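File shown here: entry-v6.cif, holding mmCIF, C-alpha atoms.
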data_run
loop_
_atom_site.label_atom_id
_atom_site.label_comp_id
_atom_site.auth_asym_id
_atom_site.auth_seq_id
_atom_site.Cartn_x
_atom_site.Cartn_y
_atom_site.Cartn_z
CA MET A 1 8.16 7.20 15.99
CA HIS A 2 10.69 4.39 15.84
CA VAL A 3 11.13 1.66 18.37
CA ALA A 4 14.20 -0.52 18.11
CA ASN A 5 14.70 -3.61 20.17
CA LEU A 6 18.40 -4.29 19.93
CA ASP A 7 18.13 -7.39 22.13
CA ARG A 8 16.06 -9.08 19.44
CA GLY A 9 18.34 -8.15 16.54
CA ILE A 10 16.21 -5.30 15.17
CA GLU A 11 18.46 -2.71 13.63
CA PRO A 12 18.32 0.92 14.78
CA PRO A 13 17.07 3.42 12.20
CA SER A 14 19.46 4.21 9.37
CA GLU A 15 20.43 7.71 8.32
CA ALA A 16 17.73 7.58 5.62
CA SER A 17 14.86 6.59 7.91
CA ILE A 18 12.36 9.13 9.13
CA ASN A 19 11.04 9.10 12.67
CA PHE A 20 7.47 10.27 13.17
CA SER A 21 6.05 11.73 16.35
CA ARG A 22 2.77 10.43 17.79
CA ASP A 23 0.97 13.46 16.24
CA GLU A 24 2.34 12.53 12.83
CA ILE A 25 1.31 8.89 13.23
CA GLU A 26 -2.21 10.06 14.04
CA GLY A 27 -2.15 12.33 10.98
CA THR A 28 -3.39 11.63 7.48
CA ILE A 29 -1.66 9.81 4.65
CA LEU A 30 -1.22 13.12 2.86
CA GLU A 31 0.34 14.84 5.86
CA ARG A 32 2.94 12.10 6.07
CA PHE A 33 3.60 12.14 2.32
CA ALA A 34 3.86 15.95 2.32
CA LYS A 35 6.42 15.86 5.11
CA ILE A 36 8.62 13.38 3.29
CA ALA A 37 8.23 15.28 0.00
CA ARG A 38 9.17 18.54 1.74
CA LEU A 39 12.21 17.01 3.44
CA PHE A 40 13.46 14.99 0.46
CA PRO A 41 12.00 16.47 -2.75
CA ASP A 42 14.74 15.14 -5.02
CA ARG A 43 14.91 11.60 -3.63
CA ILE A 44 13.38 8.80 -5.64
CA ALA A 45 9.86 8.21 -4.35
CA VAL A 46 8.89 5.36 -6.66
CA ALA A 47 10.66 3.41 -9.39
CA THR A 48 9.78 0.72 -11.87
CA ALA A 49 11.91 -0.89 -14.57
CA ALA A 50 10.65 1.73 -17.03
CA GLN A 51 10.28 4.91 -14.96
CA GLN A 52 11.10 6.64 -11.72
CA LEU A 53 9.76 9.75 -10.00
CA THR A 54 11.17 11.89 -7.23
CA TYR A 55 8.93 13.00 -4.39
CA ARG A 56 8.60 16.42 -6.07
CA GLU A 57 7.57 14.79 -9.38
CA LEU A 58 5.16 12.35 -7.75
CA ASP A 59 3.59 15.19 -5.77
CA GLY A 60 3.25 17.26 -8.97
CA GLU A 61 1.66 14.35 -10.82
CA ALA A 62 -0.79 13.73 -7.98
CA GLU A 63 -1.70 17.45 -7.88
CA ARG A 64 -2.30 17.45 -11.65
CA VAL A 65 -4.72 14.54 -11.37
CA ALA A 66 -6.34 15.95 -8.20
CA ALA A 67 -7.04 19.26 -9.95
CA PHE A 68 -8.75 17.35 -12.77
CA ILE A 69 -10.83 15.28 -10.34
CA LEU A 70 -11.99 18.42 -8.55
CA ALA A 71 -12.81 20.12 -11.85
CA GLN A 72 -15.03 17.15 -12.72
CA ARG A 73 -16.57 16.30 -9.35
CA ASP A 74 -16.01 19.24 -6.96
CA TYR A 75 -15.32 18.63 -3.24
CA VAL A 76 -18.17 16.14 -2.66
CA ILE A 77 -17.02 13.14 -0.62
CA GLU A 78 -17.56 10.22 -2.98
CA PRO A 79 -15.76 7.25 -4.51
CA VAL A 80 -13.47 7.50 -7.53
CA ALA A 81 -12.89 4.18 -9.27
CA LEU A 82 -9.33 3.28 -10.27
CA LEU A 83 -8.83 0.63 -12.95
CA PHE A 84 -5.05 0.40 -13.31
CA GLU A 85 -2.26 -2.04 -13.75
CA ASN A 86 0.27 -1.79 -10.92
CA GLY A 87 2.67 1.07 -11.52
CA ILE A 88 3.44 4.72 -11.02
CA PRO A 89 0.16 6.04 -12.52
CA LEU A 90 -1.81 3.99 -9.98
CA LEU A 91 0.21 5.42 -7.09
CA ALA A 92 -0.22 8.99 -8.38
CA ALA A 93 -3.96 8.42 -8.87
CA ILE A 94 -4.36 7.07 -5.32
CA LEU A 95 -2.59 10.11 -3.88
CA ALA A 96 -4.71 12.41 -6.08
CA VAL A 97 -8.00 10.90 -4.97
CA VAL A 98 -7.07 11.08 -1.30
CA GLU A 99 -5.82 14.64 -1.80
CA THR A 100 -9.28 15.68 -3.01
CA GLY A 101 -10.93 14.30 0.12
CA LYS A 102 -12.62 11.54 -1.85
CA PHE A 103 -11.98 7.82 -1.44
CA PHE A 104 -10.85 5.36 -4.06
CA LEU A 105 -12.21 2.06 -5.25
CA LEU A 106 -9.72 -0.38 -6.75
CA ILE A 107 -11.11 -2.43 -9.61
CA ASP A 108 -9.00 -5.01 -11.38
CA PRO A 109 -8.91 -3.92 -15.04
CA THR A 110 -8.64 -7.57 -16.09
CA ASP A 111 -11.98 -8.46 -14.47
CA PRO A 112 -14.78 -9.22 -16.93
CA PRO A 113 -16.64 -6.08 -18.07
CA ALA A 114 -19.86 -7.27 -16.40
CA ARG A 115 -18.13 -7.51 -13.00
CA ARG A 116 -16.52 -4.08 -13.42
CA ALA A 117 -19.88 -2.58 -14.39
CA ALA A 118 -21.62 -4.25 -11.41
CA VAL A 119 -19.06 -2.87 -8.96
CA LEU A 120 -19.27 0.62 -10.48
CA ALA A 121 -23.07 0.53 -10.25
CA ASP A 122 -23.01 -0.78 -6.67
CA VAL A 123 -20.66 1.90 -5.36
CA GLN A 124 -22.25 4.62 -7.54
CA ALA A 125 -18.94 6.11 -8.61
CA GLY A 126 -19.32 9.18 -10.79
CA LEU A 127 -15.76 9.09 -12.11
CA ALA A 128 -13.31 6.35 -13.00
CA LEU A 129 -9.70 6.69 -14.06
CA THR A 130 -7.88 4.00 -16.00
CA ASP A 131 -4.63 3.35 -17.82
CA ARG A 132 -6.25 0.76 -20.08
CA PRO A 133 -7.62 2.23 -23.36
CA GLU A 134 -10.00 -0.68 -23.92
CA ILE A 135 -11.81 0.00 -20.62
CA SER A 136 -13.66 3.11 -21.80
CA ARG A 137 -14.88 1.24 -24.86
CA SER A 138 -16.37 -1.66 -22.88
CA GLY A 139 -19.37 -2.16 -20.59
CA GLU A 140 -18.49 0.80 -18.36
CA GLU A 141 -20.03 3.09 -20.96
CA GLN A 142 -23.41 1.66 -19.96
CA SER A 143 -23.11 3.06 -16.42
CA PRO A 144 -23.46 6.72 -15.45
CA CYS A 145 -19.81 6.64 -14.34
CA ARG A 146 -17.54 8.75 -16.55
CA VAL A 147 -14.44 6.76 -17.51
CA VAL A 148 -11.34 8.87 -18.25
CA GLN A 149 -8.03 7.70 -19.61
CA TYR A 150 -5.20 8.64 -17.25
CA ALA A 151 -2.98 9.68 -20.16
CA GLU A 152 -5.66 12.16 -21.27
CA VAL A 153 -5.98 13.95 -17.91
CA PRO A 154 -5.06 17.54 -18.72
CA GLY A 155 -2.81 19.74 -16.66
CA LEU A 156 -5.14 22.22 -15.00
CA PRO A 157 -4.24 25.11 -12.73
CA VAL A 158 -4.02 23.78 -9.19
CA ALA A 159 -6.60 25.41 -6.93
CA THR A 160 -5.38 26.52 -3.53
CA PRO A 161 -6.04 24.96 -1.19
CA LEU A 162 -6.36 21.75 -3.19
CA THR A 163 -7.44 19.65 -0.24
CA ARG A 164 -10.30 20.03 2.16
CA ALA A 165 -9.76 19.62 5.89
CA MET A 166 -9.24 15.92 6.53
CA SER A 167 -8.81 13.71 9.54
CA SER A 168 -7.11 10.37 10.05
CA THR A 169 -10.56 8.76 10.40
CA ASP A 170 -11.79 9.71 6.91
CA LEU A 171 -12.61 6.89 4.53
CA ALA A 172 -9.73 6.22 2.09
CA VAL A 173 -10.49 3.04 0.15
CA ILE A 174 -13.16 0.47 -0.68
CA VAL A 175 -12.05 -2.95 -1.86
CA TYR A 176 -14.52 -5.35 -3.44
CA THR A 177 -14.22 -9.05 -2.72
CA SER A 178 -16.19 -11.86 -4.31
CA GLY A 179 -17.84 -12.78 -1.03
CA SER A 180 -19.23 -16.19 -0.19
CA THR A 181 -22.10 -15.82 -2.68
CA GLY A 182 -19.86 -14.92 -5.60
CA GLU A 183 -21.38 -11.42 -5.76
CA PRO A 184 -18.99 -8.49 -5.28
CA LYS A 185 -19.09 -7.02 -1.77
CA GLY A 186 -17.43 -3.77 -0.75
CA VAL A 187 -15.32 -3.60 2.41
#
Final structure tokens representation of the file:
Amino acid sequence: MHVANLDRGIEPPSEASINFSRDEIEGTILERFAKIARLFPDRIAVATAAQQLTYRELDGEAERVAAFILAQRDYVIEPVALLFENGIPLLAAILAVVETGKFFLLIDPTDPPARRAAVLADVQAGLALTDRPEISRSGEEQSPCRVVQYAEVPGLPVATPLTRAMSSTDLAVIVYTSGSTGEPKGV
């Protein structure tokens, strides 16, 4: 759905924009991503100074990680912790977690190990993915959460269907803030 107000100087949609119907707007993140990936598989989906992926490649990367998550944790609705620097692996991991019907928890990998461990314990995540090799060798090993290096996630056969039935009201993310007491609080 696109609304342009030409009287206020808002430009009409360009040839590259995609208009979504009300049903699509009420749909899930994955439904919207899948539509764009289906329509434009060879367009660049995400790019950094070092790397770029098309929608087809990003979808394939997310499916690879989703298959691994499901092999480890099944279809139980639960949090998966993500400890990543900003970049393409973080985006693929977010899509993968949502694709499995789980929800993700963003943890700053530069936070002190004690804070990371406290957040992992509070949310009771059973699995964490990271792109930082030093993370799995720090305080997270003390928690029952399994920490896996993103680069070591194997390519597994993708189960069909990969996703469970989802709705636009399903939980997608928990973000921890310091809160007024200085203790992490999930929102």
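Considering all atoms listed in the file, the residue among A:Ala81, A:Val148, A:Ala47, A:Val153 positioned nearest to A:Asp122 is A:Ala81.
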Practice prompt. Return as an MDAnalysis selection string the set of residues that the PyMOL selection byres ((chain A and resi 70) around 10) yields on the displayed structure.
Written response: chainID A and resid 65:69 71:76 96:97 99:102 158:159 162:163
Worksheet item: Counting only C-alpha atoms, which of A:Val98, A:Ala117, A:Val175, A:Leu90 gets nearest to A:Thr28?
Response: A:Val98
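Our summary of the geometry notes that atom CA of A:Ala114 is positioned 27.5 Å from atom CA of A:Leu95.
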Worksheet item: If you apply the PyMOL selection byres ((chain A and resi 125) around 6) to this file, what residues do you get, as an MDAnalysis selection string?
Response: chainID A and resid 79:80 120 123:124 126:127 145
Worksheet item: If you count all atoms listed in the file, which residues fall within 8 Å of A:Val187, apart from same-chain ones fewer than 5 positions away, as a count of residues only?
Response: 4
Worksheet item: Quick one, how far is atom CA of A:Thr130 from atom CA of A:Glu152?
Response: 10.0 Å
Worksheet item: Expressed in Å to a single decimal, how great is the separation between atom CA of A:Leu82 and atom CA of A:Leu106?
Response: 5.1 Å
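Of the listed residues (A:Phe84, A:Lys35, A:Ala62, A:Ile94), A:Lys35 comes nearest to A:Ser21; the distances count only C-alpha atoms.
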Worksheet item: Near A:Pro133, within 12 Å and counting all atoms listed in the file, which residues show up once chain neighbours fewer than 2 positions away are dropped, as a PyMOL selection string?
Response: chain A and resi 83-85+109+129-131+135-138+147-152
Discussion item. Under the rule that only C-alpha atoms are counted, which of A:Glu57, A:Thr169, A:Glu78, A:Ala92 is the nearest residue to A:Glu26?
Written reply: A:Thr169
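Shortest atom-to-atom contact with A:Phe40 among A:Asp170, A:Glu134, A:Glu183, A:Asp59: A:Asp59, counting all atoms listed in the file.
Neighbouring residues of A:Arg43 at 10 Å or closer, counting all atoms listed in the file and skipping chain neighbours under 4 positions away, are Ile36, Ala37, Leu39, Leu53, Thr54, Tyr55, Arg56 and Glu57 of chain A.
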